[in-house]
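Remarks on the structure that follows.
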Amino acid sequence: MKKIFFLFSLLILFSCKSQKRNMIIPTIDNKFEKFDIDKFSKSTKKETDVVREFLPNGNYIEMSMANSGKYYTESYKDSYFMISKSYYTSGNIKDKGIMFNVPWGAPFQKGIWYGFDENGKLIKEVDYDKPYKYTFEDILKFCEKEIIPITKGPVLQSTGFHTIISRRIENEKPIWEIEWLKKSNRVENIILDGISGKVISRRESEFINN
């Protein structure tokens with residue numbers, strides 16, 4: 001009996017470690033940087049003011065230029081997260097951080113985000129995880145229990161419906177929101193308490209695939 005219990009404990013331990021290893025989270029730092037205009041200009045995948053291409057390692061990047069500034073995102077292969085950076089029109093970094101890899105809806109910002117002034121001075125650090133005692137890892141467990149699929153990146157436009165996970169402070173309380181395709185024509189929206197993980201509400205609506 002002791003041997004069986006020991007082996008069972010080892011299986012749980014290895015399972016937890018494996019799950020943690022599979023949680024690929026990109027790293028970001030607080031250093032000044034500039035938009036890589038050379039890479040943008042020389043890309044063979046450039047379409048007017050946007051570059052969309054896969055890197056040799058399987059990651060997917062988008063670079064764009066607009067009147068409001070310059071932008072860069074990198075979706076990591078087999079990760080739930082992506083790097084997001086915005087730059088001033090001068091090319092100096094404006095802000096950068098990690099966000100959920102579904103780039104539409106209202107994907108949540110994870111961890112510490114860094115903000116800079118136009119001269120490149122670091123002026124702001126915001127920890128978006130801090131208000132949430134119920135973590136993203138807890139959300140993954142909830143979705144697994146509810147059989148809610150979550151896509152690992154890269155997640156591209158026009159590839160069907162992908163579960164959207166977002167979070168926000170509402171009435172001074174942190175909440176999570178999950179929006180997923182429950183049936184081919186039904187979307188379920190689930191709101192959870194960001195501290196306890198308690199389900200606050202569930203609502204279904206018709207899904208019309210355009």
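Each chain of the structure tokens is named A, B, ... in the order shown, its residues numbered from 1; ligands are numbered from 1 in display order.
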Select from segment 20-109 of chain A every residue with an atom at most 10 Å from any atom of segment 124-135 of chain A, then for each give the shortest pair of atoms and their distance in Å to one decimal, using only C-alpha atoms, rows by chain and rising number, as a Markdown table.
```
| residue | atom | partner | partner_atom | distance |
| --- | --- | --- | --- | --- |
| A:Asn30 | CA | A:Glu125 | CA | 8.7 |
| A:Asp95 | CA | A:Lys124 | CA | 8.9 |
| A:Gly97 | CA | A:Val126 | CA | 9.7 |
| A:Ile98 | CA | A:Tyr128 | CA | 9.9 |
| A:Phe108 | CA | A:Tyr128 | CA | 8.7 |
| A:Gln109 | CA | A:Tyr128 | CA | 6.4 |
```
Output C-alpha atoms of each residue in that selection to a file, as a PDB file, in the first residue's frame.
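The result, written out as selection_8.pdb:
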```pdb
ATOM      1  CA  ASN A  30      12.255  47.336 -18.875  1.00  0.00           C
ATOM      2  CA  ASP A  95       4.978  50.594 -23.747  1.00  0.00           C
ATOM      3  CA  GLY A  97       4.299  43.731 -21.992  1.00  0.00           C
ATOM      4  CA  ILE A  98       2.667  40.305 -22.245  1.00  0.00           C
ATOM      5  CA  PHE A 108      -5.946  40.548 -20.876  1.00  0.00           C
ATOM      6  CA  GLN A 109      -2.555  42.003 -20.028  1.00  0.00           C
TER       7      GLN A 109
END
```
If you run DSSP on this backbone, which residues of segment 2-207 of chain A come out as alpha helix (DSSP H), and could you give them as a PyMOL selection string? chain A and resi 2-21+37-42+136-146
Could you name the residues that touch Phe54 of chain A at 12 Å or less, counting only C-alpha atoms, but leaving out those on the same chain fewer than 4 positions away, as an mmCIF file with all heavy atoms, in the first residue's frame?
```
data_model
loop_
_atom_site.group_PDB
_atom_site.id
_atom_site.type_symbol
_atom_site.label_atom_id
_atom_site.label_comp_id
_atom_site.auth_asym_id
_atom_site.auth_seq_id
_atom_site.Cartn_x
_atom_site.Cartn_y
_atom_site.Cartn_z
ATOM 1 N N SER A 43 11.587 43.284 -45.048
ATOM 2 C CA SER A 43 10.783 42.064 -45.016
ATOM 3 C C SER A 43 10.140 41.790 -46.371
ATOM 4 O O SER A 43 9.605 42.690 -47.018
ATOM 5 C CB SER A 43 9.692 42.166 -43.946
ATOM 6 O OG SER A 43 8.828 41.046 -44.000
ATOM 7 N N THR A 44 10.197 40.545 -46.795
ATOM 8 C CA THR A 44 9.562 40.141 -48.051
ATOM 9 C C THR A 44 8.071 39.877 -47.851
ATOM 10 O O THR A 44 7.355 39.606 -48.819
ATOM 11 C CB THR A 44 10.223 38.867 -48.602
ATOM 12 O OG1 THR A 44 10.112 37.810 -47.634
ATOM 13 C CG2 THR A 44 11.695 39.108 -48.909
ATOM 14 N N LYS A 45 7.618 39.950 -46.580
ATOM 15 C CA LYS A 45 6.210 39.696 -46.270
ATOM 16 C C LYS A 45 5.433 40.994 -46.048
ATOM 17 O O LYS A 45 4.312 40.968 -45.545
ATOM 18 C CB LYS A 45 6.104 38.821 -45.010
ATOM 19 C CG LYS A 45 6.870 37.511 -45.080
ATOM 20 C CD LYS A 45 6.293 36.565 -46.112
ATOM 21 C CE LYS A 45 7.021 35.225 -46.082
ATOM 22 N NZ LYS A 45 6.477 34.276 -47.074
ATOM 23 N N GLY A 58 8.911 29.173 -35.372
ATOM 24 C CA GLY A 58 7.472 28.921 -35.301
ATOM 25 C C GLY A 58 6.668 30.053 -34.713
ATOM 26 O O GLY A 58 5.434 30.027 -34.742
ATOM 27 N N ASN A 59 7.338 31.066 -34.142
ATOM 28 C CA ASN A 59 6.628 32.240 -33.645
ATOM 29 C C ASN A 59 6.107 33.058 -34.825
ATOM 30 O O ASN A 59 6.619 32.961 -35.939
ATOM 31 C CB ASN A 59 7.548 33.108 -32.787
ATOM 32 C CG ASN A 59 7.913 32.442 -31.479
ATOM 33 O OD1 ASN A 59 7.451 31.343 -31.179
ATOM 34 N ND2 ASN A 59 8.750 33.093 -30.696
ATOM 35 N N TYR A 60 5.091 33.870 -34.550
ATOM 36 C CA TYR A 60 4.470 34.682 -35.598
ATOM 37 C C TYR A 60 4.533 36.149 -35.181
ATOM 38 O O TYR A 60 4.190 36.504 -34.048
ATOM 39 C CB TYR A 60 3.010 34.262 -35.772
ATOM 40 C CG TYR A 60 2.207 35.126 -36.718
ATOM 41 C CD1 TYR A 60 2.318 34.980 -38.093
ATOM 42 C CD2 TYR A 60 1.319 36.080 -36.218
ATOM 43 C CE1 TYR A 60 1.570 35.765 -38.961
ATOM 44 C CE2 TYR A 60 0.573 36.869 -37.066
ATOM 45 C CZ TYR A 60 0.698 36.710 -38.435
ATOM 46 O OH TYR A 60 -0.048 37.495 -39.283
ATOM 47 N N ILE A 61 4.997 37.014 -36.067
ATOM 48 C CA ILE A 61 5.109 38.435 -35.742
ATOM 49 C C ILE A 61 4.251 39.284 -36.674
ATOM 50 O O ILE A 61 3.990 38.912 -37.817
ATOM 51 C CB ILE A 61 6.571 38.943 -35.810
ATOM 52 C CG1 ILE A 61 7.102 38.890 -37.250
ATOM 53 C CG2 ILE A 61 7.456 38.165 -34.864
ATOM 54 C CD1 ILE A 61 8.413 39.629 -37.434
ATOM 55 N N GLU A 62 3.807 40.402 -36.139
ATOM 56 C CA GLU A 62 3.162 41.446 -36.937
ATOM 57 C C GLU A 62 3.825 42.769 -36.578
ATOM 58 O O GLU A 62 3.984 43.091 -35.401
ATOM 59 C CB GLU A 62 1.660 41.508 -36.682
ATOM 60 C CG GLU A 62 0.905 40.326 -37.248
ATOM 61 C CD GLU A 62 -0.612 40.550 -37.292
ATOM 62 O OE1 GLU A 62 -1.054 41.698 -37.005
ATOM 63 O OE2 GLU A 62 -1.343 39.597 -37.608
ATOM 64 N N MET A 63 4.217 43.519 -37.601
ATOM 65 C CA MET A 63 4.785 44.855 -37.417
ATOM 66 C C MET A 63 3.953 45.810 -38.256
ATOM 67 O O MET A 63 3.587 45.492 -39.391
ATOM 68 C CB MET A 63 6.245 44.894 -37.883
ATOM 69 C CG MET A 63 7.151 43.888 -37.218
ATOM 70 S SD MET A 63 8.842 43.886 -37.907
ATOM 71 C CE MET A 63 9.468 45.451 -37.237
ATOM 72 N N THR A 73 3.921 42.838 -32.455
ATOM 73 C CA THR A 73 3.456 41.732 -31.623
ATOM 74 C C THR A 73 4.181 40.466 -32.052
ATOM 75 O O THR A 73 4.520 40.289 -33.226
ATOM 76 C CB THR A 73 1.933 41.493 -31.746
ATOM 77 O OG1 THR A 73 1.594 41.211 -33.108
ATOM 78 C CG2 THR A 73 1.152 42.707 -31.252
ATOM 79 N N GLU A 74 4.422 39.592 -31.093
ATOM 80 C CA GLU A 74 5.037 38.297 -31.390
ATOM 81 C C GLU A 74 4.298 37.216 -30.617
ATOM 82 O O GLU A 74 4.312 37.191 -29.391
ATOM 83 C CB GLU A 74 6.515 38.296 -31.022
ATOM 84 C CG GLU A 74 7.199 36.967 -31.341
ATOM 85 C CD GLU A 74 8.709 36.993 -31.175
ATOM 86 O OE1 GLU A 74 9.265 38.107 -30.990
ATOM 87 O OE2 GLU A 74 9.333 35.916 -31.222
ATOM 88 N N SER A 75 3.622 36.353 -31.365
ATOM 89 C CA SER A 75 2.897 35.232 -30.769
ATOM 90 C C SER A 75 3.824 34.036 -30.692
ATOM 91 O O SER A 75 4.414 33.644 -31.701
ATOM 92 C CB SER A 75 1.669 34.884 -31.619
ATOM 93 O OG SER A 75 0.783 35.973 -31.710
ATOM 94 N N TYR A 76 3.931 33.465 -29.511
ATOM 95 C CA TYR A 76 4.862 32.362 -29.298
ATOM 96 C C TYR A 76 4.216 31.015 -29.605
ATOM 97 O O TYR A 76 3.066 30.757 -29.234
ATOM 98 C CB TYR A 76 5.374 32.375 -27.859
ATOM 99 C CG TYR A 76 6.492 33.364 -27.654
ATOM 100 C CD1 TYR A 76 6.295 34.725 -27.870
ATOM 101 C CD2 TYR A 76 7.750 32.947 -27.278
ATOM 102 C CE1 TYR A 76 7.322 35.637 -27.706
ATOM 103 C CE2 TYR A 76 8.793 33.847 -27.102
ATOM 104 C CZ TYR A 76 8.565 35.190 -27.325
ATOM 105 O OH TYR A 76 9.588 36.082 -27.162
ATOM 106 N N LYS A 77 4.979 30.169 -30.287
ATOM 107 C CA LYS A 77 4.504 28.840 -30.617
ATOM 108 C C LYS A 77 4.202 28.064 -29.334
ATOM 109 O O LYS A 77 4.997 28.060 -28.402
ATOM 110 C CB LYS A 77 5.556 28.097 -31.442
ATOM 111 C CG LYS A 77 5.141 26.698 -31.870
ATOM 112 C CD LYS A 77 6.259 26.003 -32.616
ATOM 113 C CE LYS A 77 5.853 24.585 -32.989
ATOM 114 N NZ LYS A 77 6.953 23.867 -33.680
ATOM 115 N N GLY A 153 -0.832 29.581 -29.123
ATOM 116 C CA GLY A 153 -0.482 30.389 -30.277
ATOM 117 C C GLY A 153 0.396 29.692 -31.282
ATOM 118 O O GLY A 153 0.907 28.605 -31.019
ATOM 119 N N PRO A 154 0.599 30.377 -32.406
ATOM 120 C CA PRO A 154 -0.038 31.638 -32.795
ATOM 121 C C PRO A 154 -1.521 31.447 -33.164
ATOM 122 O O PRO A 154 -1.887 30.412 -33.699
ATOM 123 C CB PRO A 154 0.758 32.084 -34.022
ATOM 124 C CG PRO A 154 2.041 31.337 -33.962
ATOM 125 C CD PRO A 154 1.691 30.026 -33.327
ATOM 126 N N VAL A 155 -2.324 32.450 -32.860
ATOM 127 C CA VAL A 155 -3.739 32.462 -33.204
ATOM 128 C C VAL A 155 -3.956 33.566 -34.240
ATOM 129 O O VAL A 155 -3.748 34.742 -33.950
ATOM 130 C CB VAL A 155 -4.629 32.721 -31.969
ATOM 131 C CG1 VAL A 155 -6.091 32.740 -32.374
ATOM 132 C CG2 VAL A 155 -4.377 31.653 -30.906
ATOM 133 N N LEU A 156 -4.370 33.181 -35.436
ATOM 134 C CA LEU A 156 -4.489 34.134 -36.530
ATOM 135 C C LEU A 156 -5.949 34.459 -36.830
ATOM 136 O O LEU A 156 -6.859 33.692 -36.493
ATOM 137 C CB LEU A 156 -3.817 33.572 -37.792
ATOM 138 C CG LEU A 156 -2.373 33.087 -37.638
ATOM 139 C CD1 LEU A 156 -1.834 32.630 -38.994
ATOM 140 C CD2 LEU A 156 -1.485 34.166 -37.051
#
```
Quick one: everything within 7 Å of segment 80-89 of chain A, counting only C-alpha atoms, minus sequence neighbours fewer than 2 positions away in the same chain. Send it as a short mmCIF file (atom, residue, chain, number, x, y, z; two decimals) with all heavy atoms, in the first residue's frame.
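Resulting contents of out16.cif:
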```cif
data_model
loop_
_atom_site.label_atom_id
_atom_site.label_comp_id
_atom_site.auth_asym_id
_atom_site.auth_seq_id
_atom_site.Cartn_x
_atom_site.Cartn_y
_atom_site.Cartn_z
N ILE A 25 5.75 31.23 -21.00
CA ILE A 25 5.44 32.65 -20.83
C ILE A 25 6.61 33.46 -21.38
O ILE A 25 7.73 33.33 -20.88
CB ILE A 25 5.18 33.01 -19.36
CG1 ILE A 25 4.03 32.16 -18.81
CG2 ILE A 25 4.87 34.50 -19.23
CD1 ILE A 25 3.74 32.40 -17.35
N PRO A 26 6.40 34.26 -22.40
CA PRO A 26 7.49 35.08 -22.95
C PRO A 26 8.06 36.01 -21.88
O PRO A 26 7.37 36.37 -20.92
CB PRO A 26 6.80 35.90 -24.06
CG PRO A 26 5.56 35.15 -24.38
CD PRO A 26 5.13 34.49 -23.10
N PHE A 35 11.85 50.79 -32.56
CA PHE A 35 11.19 49.99 -33.59
C PHE A 35 12.22 49.60 -34.65
O PHE A 35 13.00 50.44 -35.12
CB PHE A 35 10.06 50.80 -34.22
CG PHE A 35 9.25 50.05 -35.23
CD1 PHE A 35 8.29 49.14 -34.84
CD2 PHE A 35 9.44 50.28 -36.60
CE1 PHE A 35 7.52 48.46 -35.78
CE2 PHE A 35 8.69 49.60 -37.54
CZ PHE A 35 7.72 48.69 -37.13
N SER A 68 -0.56 57.08 -35.81
CA SER A 68 -0.55 57.12 -34.34
C SER A 68 0.73 56.55 -33.74
O SER A 68 0.99 56.74 -32.55
CB SER A 68 -1.75 56.33 -33.81
OG SER A 68 -1.72 54.99 -34.28
N GLY A 69 1.52 55.82 -34.52
CA GLY A 69 2.75 55.25 -34.00
C GLY A 69 3.11 53.96 -34.71
O GLY A 69 2.60 53.68 -35.81
N LYS A 70 3.94 53.15 -34.09
CA LYS A 70 4.39 51.89 -34.66
C LYS A 70 4.11 50.77 -33.66
O LYS A 70 4.08 51.00 -32.44
CB LYS A 70 5.89 51.96 -34.99
CG LYS A 70 6.23 53.07 -35.99
CD LYS A 70 7.73 53.20 -36.18
CE LYS A 70 8.09 54.20 -37.27
NZ LYS A 70 7.68 55.58 -36.95
N TYR A 71 3.91 49.55 -34.19
CA TYR A 71 3.44 48.47 -33.33
C TYR A 71 4.13 47.15 -33.69
O TYR A 71 4.48 46.92 -34.85
CB TYR A 71 1.92 48.32 -33.46
CG TYR A 71 1.19 49.60 -33.18
CD1 TYR A 71 0.90 50.49 -34.22
CD2 TYR A 71 0.83 49.95 -31.89
CE1 TYR A 71 0.26 51.69 -33.97
CE2 TYR A 71 0.19 51.15 -31.63
CZ TYR A 71 -0.09 52.02 -32.68
OH TYR A 71 -0.71 53.20 -32.42
N TYR A 72 4.29 46.31 -32.66
CA TYR A 72 4.93 45.01 -32.85
C TYR A 72 4.28 43.99 -31.92
O TYR A 72 4.09 44.27 -30.73
CB TYR A 72 6.43 45.10 -32.53
CG TYR A 72 7.16 43.78 -32.58
CD1 TYR A 72 7.78 43.34 -33.75
CD2 TYR A 72 7.27 42.97 -31.44
CE1 TYR A 72 8.47 42.14 -33.80
CE2 TYR A 72 7.96 41.76 -31.48
CZ TYR A 72 8.55 41.35 -32.66
OH TYR A 72 9.23 40.16 -32.71
N THR A 73 3.92 42.84 -32.46
CA THR A 73 3.46 41.73 -31.62
C THR A 73 4.18 40.47 -32.05
O THR A 73 4.52 40.29 -33.23
CB THR A 73 1.93 41.49 -31.75
OG1 THR A 73 1.59 41.21 -33.11
CG2 THR A 73 1.15 42.71 -31.25
N GLU A 74 4.42 39.59 -31.09
CA GLU A 74 5.04 38.30 -31.39
C GLU A 74 4.30 37.22 -30.62
O GLU A 74 4.31 37.19 -29.39
CB GLU A 74 6.51 38.30 -31.02
CG GLU A 74 7.20 36.97 -31.34
CD GLU A 74 8.71 36.99 -31.18
OE1 GLU A 74 9.26 38.11 -30.99
OE2 GLU A 74 9.33 35.92 -31.22
N SER A 75 3.62 36.35 -31.37
CA SER A 75 2.90 35.23 -30.77
C SER A 75 3.82 34.04 -30.69
O SER A 75 4.41 33.64 -31.70
CB SER A 75 1.67 34.88 -31.62
OG SER A 75 0.78 35.97 -31.71
N TYR A 76 3.93 33.47 -29.51
CA TYR A 76 4.86 32.36 -29.30
C TYR A 76 4.22 31.02 -29.60
O TYR A 76 3.07 30.76 -29.23
CB TYR A 76 5.37 32.37 -27.86
CG TYR A 76 6.49 33.36 -27.65
CD1 TYR A 76 6.30 34.72 -27.87
CD2 TYR A 76 7.75 32.95 -27.28
CE1 TYR A 76 7.32 35.64 -27.71
CE2 TYR A 76 8.79 33.85 -27.10
CZ TYR A 76 8.57 35.19 -27.32
OH TYR A 76 9.59 36.08 -27.16
N ASP A 78 3.03 27.45 -29.30
CA ASP A 78 2.60 26.62 -28.17
C ASP A 78 2.52 27.39 -26.86
O ASP A 78 2.74 26.83 -25.78
CB ASP A 78 3.54 25.41 -28.00
CG ASP A 78 3.52 24.48 -29.21
OD1 ASP A 78 2.45 24.36 -29.83
OD2 ASP A 78 4.56 23.90 -29.53
N GLY A 91 9.75 56.17 -33.26
CA GLY A 91 10.30 54.82 -33.19
C GLY A 91 10.74 54.43 -31.80
O GLY A 91 11.07 53.27 -31.55
N ASN A 92 10.76 55.39 -30.86
CA ASN A 92 11.10 55.07 -29.47
C ASN A 92 9.98 54.27 -28.81
O ASN A 92 8.79 54.53 -29.06
CB ASN A 92 11.34 56.36 -28.67
CG ASN A 92 12.63 57.05 -29.07
OD1 ASN A 92 13.44 56.50 -29.82
ND2 ASN A 92 12.84 58.26 -28.57
N ILE A 93 10.37 53.33 -27.95
CA ILE A 93 9.38 52.49 -27.28
C ILE A 93 8.43 53.33 -26.42
O ILE A 93 8.85 54.27 -25.75
CB ILE A 93 10.08 51.41 -26.41
CG1 ILE A 93 9.08 50.42 -25.84
CG2 ILE A 93 10.93 52.05 -25.31
CD1 ILE A 93 8.46 49.51 -26.85
N LYS A 94 7.15 52.98 -26.46
CA LYS A 94 6.14 53.67 -25.66
C LYS A 94 5.69 52.79 -24.50
O LYS A 94 5.68 53.20 -23.35
CB LYS A 94 4.93 54.04 -26.53
CG LYS A 94 3.87 54.83 -25.82
CD LYS A 94 2.75 55.24 -26.77
CE LYS A 94 1.71 56.09 -26.09
NZ LYS A 94 0.62 56.48 -27.05
N ASP A 95 5.29 51.56 -24.81
CA ASP A 95 4.98 50.59 -23.75
C ASP A 95 5.14 49.18 -24.29
O ASP A 95 5.12 48.94 -25.50
CB ASP A 95 3.57 50.80 -23.16
CG ASP A 95 2.48 50.71 -24.21
OD1 ASP A 95 2.43 49.69 -24.93
OD2 ASP A 95 1.66 51.63 -24.30
N LYS A 96 5.33 48.23 -23.37
CA LYS A 96 5.49 46.83 -23.77
C LYS A 96 5.13 45.91 -22.62
O LYS A 96 5.23 46.27 -21.44
CB LYS A 96 6.93 46.56 -24.24
CG LYS A 96 8.03 46.91 -23.24
CD LYS A 96 9.41 46.61 -23.84
CE LYS A 96 10.54 47.09 -22.95
NZ LYS A 96 11.88 46.72 -23.50
N GLY A 97 4.68 44.71 -23.00
CA GLY A 97 4.30 43.73 -21.99
C GLY A 97 3.78 42.46 -22.64
O GLY A 97 3.90 42.25 -23.85
N ILE A 98 3.18 41.60 -21.81
CA ILE A 98 2.67 40.31 -22.24
C ILE A 98 1.15 40.34 -22.21
O ILE A 98 0.54 40.91 -21.31
CB ILE A 98 3.16 39.18 -21.31
CG1 ILE A 98 4.68 39.24 -21.14
CG2 ILE A 98 2.73 37.81 -21.83
CD1 ILE A 98 5.47 39.06 -22.39
N MET A 99 0.52 39.71 -23.22
CA MET A 99 -0.93 39.65 -23.24
C MET A 99 -1.40 38.28 -23.74
O MET A 99 -0.63 37.54 -24.34
CB MET A 99 -1.52 40.78 -24.09
CG MET A 99 -1.17 40.73 -25.55
SD MET A 99 -1.58 42.26 -26.43
CE MET A 99 -3.34 42.35 -26.16
N PHE A 100 -2.66 37.99 -23.48
CA PHE A 100 -3.26 36.74 -23.95
C PHE A 100 -3.20 36.68 -25.46
O PHE A 100 -3.32 37.69 -26.13
CB PHE A 100 -4.71 36.65 -23.45
CG PHE A 100 -5.39 35.34 -23.74
CD1 PHE A 100 -4.87 34.16 -23.25
CD2 PHE A 100 -6.56 35.30 -24.49
CE1 PHE A 100 -5.50 32.95 -23.50
CE2 PHE A 100 -7.19 34.09 -24.75
CZ PHE A 100 -6.67 32.92 -24.27
N ASN A 101 -3.01 35.47 -26.01
CA ASN A 101 -2.64 35.37 -27.42
C ASN A 101 -3.77 35.48 -28.43
O ASN A 101 -3.52 35.40 -29.64
CB ASN A 101 -1.87 34.06 -27.67
CG ASN A 101 -2.76 32.83 -27.51
OD1 ASN A 101 -3.90 32.92 -27.07
ND2 ASN A 101 -2.23 31.66 -27.85
N GLU A 118 8.56 60.00 -24.26
CA GLU A 118 9.04 60.09 -25.65
C GLU A 118 10.56 60.11 -25.76
O GLU A 118 11.11 59.83 -26.82
CB GLU A 118 8.45 61.33 -26.32
CG GLU A 118 6.94 61.24 -26.50
CD GLU A 118 6.39 62.32 -27.40
OE1 GLU A 118 6.94 62.53 -28.49
OE2 GLU A 118 5.40 62.97 -27.00
N LYS A 152 -3.51 27.43 -28.04
CA LYS A 152 -2.15 27.96 -27.91
C LYS A 152 -1.76 28.62 -29.22
O LYS A 152 -2.27 28.29 -30.28
CB LYS A 152 -1.18 26.83 -27.56
CG LYS A 152 -1.34 26.32 -26.13
CD LYS A 152 -0.26 25.30 -25.79
CE LYS A 152 -0.38 24.85 -24.33
NZ LYS A 152 0.66 23.86 -23.98
N GLY A 153 -0.83 29.58 -29.12
CA GLY A 153 -0.48 30.39 -30.28
C GLY A 153 0.40 29.69 -31.28
O GLY A 153 0.91 28.60 -31.02
#
```
Give me the residues within 7 Å of Ile165 of chain A as a list in words, counting only C-alpha atoms and dropping any in the same chain fewer than 6 places off. Pro107, Phe108, Glu177, Ile178 and Glu179 of chain A
Could you dump the residues just selected with all heavy atoms as a PDB file, in the first residue's frame?
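Okay, this is what ended up in selection26.pdb:
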```pdb
ATOM      1  N   PRO A 107      -8.290  40.990 -25.002  1.00  0.00           N
ATOM      2  CA  PRO A 107      -7.348  40.078 -24.346  1.00  0.00           C
ATOM      3  C   PRO A 107      -6.675  40.737 -23.150  1.00  0.00           C
ATOM      4  O   PRO A 107      -6.369  41.922 -23.171  1.00  0.00           O
ATOM      5  CB  PRO A 107      -6.330  39.766 -25.447  1.00  0.00           C
ATOM      6  CG  PRO A 107      -6.423  40.917 -26.391  1.00  0.00           C
ATOM      7  CD  PRO A 107      -7.856  41.349 -26.359  1.00  0.00           C
ATOM      8  N   PHE A 108      -6.462  39.955 -22.103  1.00  0.00           N
ATOM      9  CA  PHE A 108      -5.946  40.548 -20.876  1.00  0.00           C
ATOM     10  C   PHE A 108      -4.433  40.713 -20.902  1.00  0.00           C
ATOM     11  O   PHE A 108      -3.703  39.954 -21.532  1.00  0.00           O
ATOM     12  CB  PHE A 108      -6.390  39.741 -19.657  1.00  0.00           C
ATOM     13  CG  PHE A 108      -5.667  38.431 -19.451  1.00  0.00           C
ATOM     14  CD1 PHE A 108      -4.529  38.385 -18.667  1.00  0.00           C
ATOM     15  CD2 PHE A 108      -6.137  37.267 -20.016  1.00  0.00           C
ATOM     16  CE1 PHE A 108      -3.859  37.182 -18.450  1.00  0.00           C
ATOM     17  CE2 PHE A 108      -5.479  36.058 -19.804  1.00  0.00           C
ATOM     18  CZ  PHE A 108      -4.336  36.017 -19.027  1.00  0.00           C
ATOM     19  N   GLU A 177     -13.409  36.972 -17.314  1.00  0.00           N
ATOM     20  CA  GLU A 177     -14.496  36.703 -18.252  1.00  0.00           C
ATOM     21  C   GLU A 177     -14.008  35.705 -19.296  1.00  0.00           C
ATOM     22  O   GLU A 177     -12.933  35.864 -19.875  1.00  0.00           O
ATOM     23  CB  GLU A 177     -14.963  37.991 -18.927  1.00  0.00           C
ATOM     24  CG  GLU A 177     -16.125  37.770 -19.884  1.00  0.00           C
ATOM     25  CD  GLU A 177     -16.708  39.078 -20.409  1.00  0.00           C
ATOM     26  OE1 GLU A 177     -16.196  40.147 -20.018  1.00  0.00           O
ATOM     27  OE2 GLU A 177     -17.656  39.024 -21.203  1.00  0.00           O
ATOM     28  N   ILE A 178     -14.798  34.660 -19.514  1.00  0.00           N
ATOM     29  CA  ILE A 178     -14.494  33.643 -20.515  1.00  0.00           C
ATOM     30  C   ILE A 178     -15.633  33.628 -21.535  1.00  0.00           C
ATOM     31  O   ILE A 178     -16.803  33.544 -21.168  1.00  0.00           O
ATOM     32  CB  ILE A 178     -14.360  32.242 -19.877  1.00  0.00           C
ATOM     33  CG1 ILE A 178     -13.271  32.242 -18.810  1.00  0.00           C
ATOM     34  CG2 ILE A 178     -14.071  31.184 -20.940  1.00  0.00           C
ATOM     35  CD1 ILE A 178     -13.244  30.982 -17.957  1.00  0.00           C
ATOM     36  N   GLU A 179     -15.272  33.704 -22.787  1.00  0.00           N
ATOM     37  CA  GLU A 179     -16.264  33.649 -23.868  1.00  0.00           C
ATOM     38  C   GLU A 179     -15.861  32.508 -24.801  1.00  0.00           C
ATOM     39  O   GLU A 179     -14.787  32.532 -25.395  1.00  0.00           O
ATOM     40  CB  GLU A 179     -16.305  34.976 -24.623  1.00  0.00           C
ATOM     41  CG  GLU A 179     -17.436  35.075 -25.640  1.00  0.00           C
ATOM     42  CD  GLU A 179     -17.494  36.441 -26.289  1.00  0.00           C
ATOM     43  OE1 GLU A 179     -16.683  37.306 -25.912  1.00  0.00           O
ATOM     44  OE2 GLU A 179     -18.331  36.635 -27.187  1.00  0.00           O
TER      45      GLU A 179
END
```
Length of the atom CA of Phe136 of chain A to atom CA of Trp180 of chain A vector [Å]: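 Taking atom CA of Phe136 of chain A as the start and atom CA of Trp180 of chain A as the end point, the length is 16.0 Å.
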Which neighbours of Ala106 of chain A fall inside 9 Å, counting only C-alpha atoms, when residues of the same chain fewer than 2 positions from it are skipped, and could you give them as a PDB file with N, CA and C atoms, in the first residue's frame?
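Just written: part-v6.pdb:
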```
ATOM      1  N   VAL A 102      -5.012  35.622 -27.992  1.00  0.00           N
ATOM      2  CA  VAL A 102      -6.089  35.865 -28.951  1.00  0.00           C
ATOM      3  C   VAL A 102      -6.189  37.378 -29.160  1.00  0.00           C
ATOM      4  N   PRO A 103      -5.745  37.871 -30.324  1.00  0.00           N
ATOM      5  CA  PRO A 103      -5.565  39.319 -30.506  1.00  0.00           C
ATOM      6  C   PRO A 103      -6.816  40.099 -30.877  1.00  0.00           C
ATOM      7  N   TRP A 104      -7.983  39.593 -30.540  1.00  0.00           N
ATOM      8  CA  TRP A 104      -9.204  40.376 -30.749  1.00  0.00           C
ATOM      9  C   TRP A 104     -10.059  40.248 -29.494  1.00  0.00           C
ATOM     10  N   PHE A 108      -6.462  39.955 -22.103  1.00  0.00           N
ATOM     11  CA  PHE A 108      -5.946  40.548 -20.876  1.00  0.00           C
ATOM     12  C   PHE A 108      -4.433  40.713 -20.902  1.00  0.00           C
ATOM     13  N   ILE A 164     -11.997  33.361 -25.847  1.00  0.00           N
ATOM     14  CA  ILE A 164     -11.428  34.638 -25.428  1.00  0.00           C
ATOM     15  C   ILE A 164     -11.449  34.713 -23.898  1.00  0.00           C
ATOM     16  N   ILE A 165     -10.306  34.995 -23.311  1.00  0.00           N
ATOM     17  CA  ILE A 165     -10.214  35.187 -21.863  1.00  0.00           C
ATOM     18  C   ILE A 165      -9.784  36.626 -21.601  1.00  0.00           C
ATOM     19  N   SER A 166     -10.556  37.327 -20.798  1.00  0.00           N
ATOM     20  CA  SER A 166     -10.230  38.715 -20.464  1.00  0.00           C
ATOM     21  C   SER A 166     -10.456  38.922 -18.972  1.00  0.00           C
ATOM     22  N   ARG A 167      -9.993  40.041 -18.474  1.00  0.00           N
ATOM     23  CA  ARG A 167     -10.213  40.356 -17.066  1.00  0.00           C
ATOM     24  C   ARG A 167     -10.221  41.864 -16.899  1.00  0.00           C
TER      25      ARG A 167
END
```
Selected residue, from A:Cys143, A:Leu122, A:Ser64, A:Lys182, that lies nearest to Gly197 of chain A when counting only C-alpha atoms: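 Of all the options, A:Cys143 lies closest to Gly197 of chain A.
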When you look at Glu172 of chain A with a cut-off of 12 Å (counting only C-alpha atoms), what residues show up, excluding the ones that are within fewer than 2 positions of it in the same chain? I need them as number ranges by chain. A: 131, 168-170, 174-175, 193-195
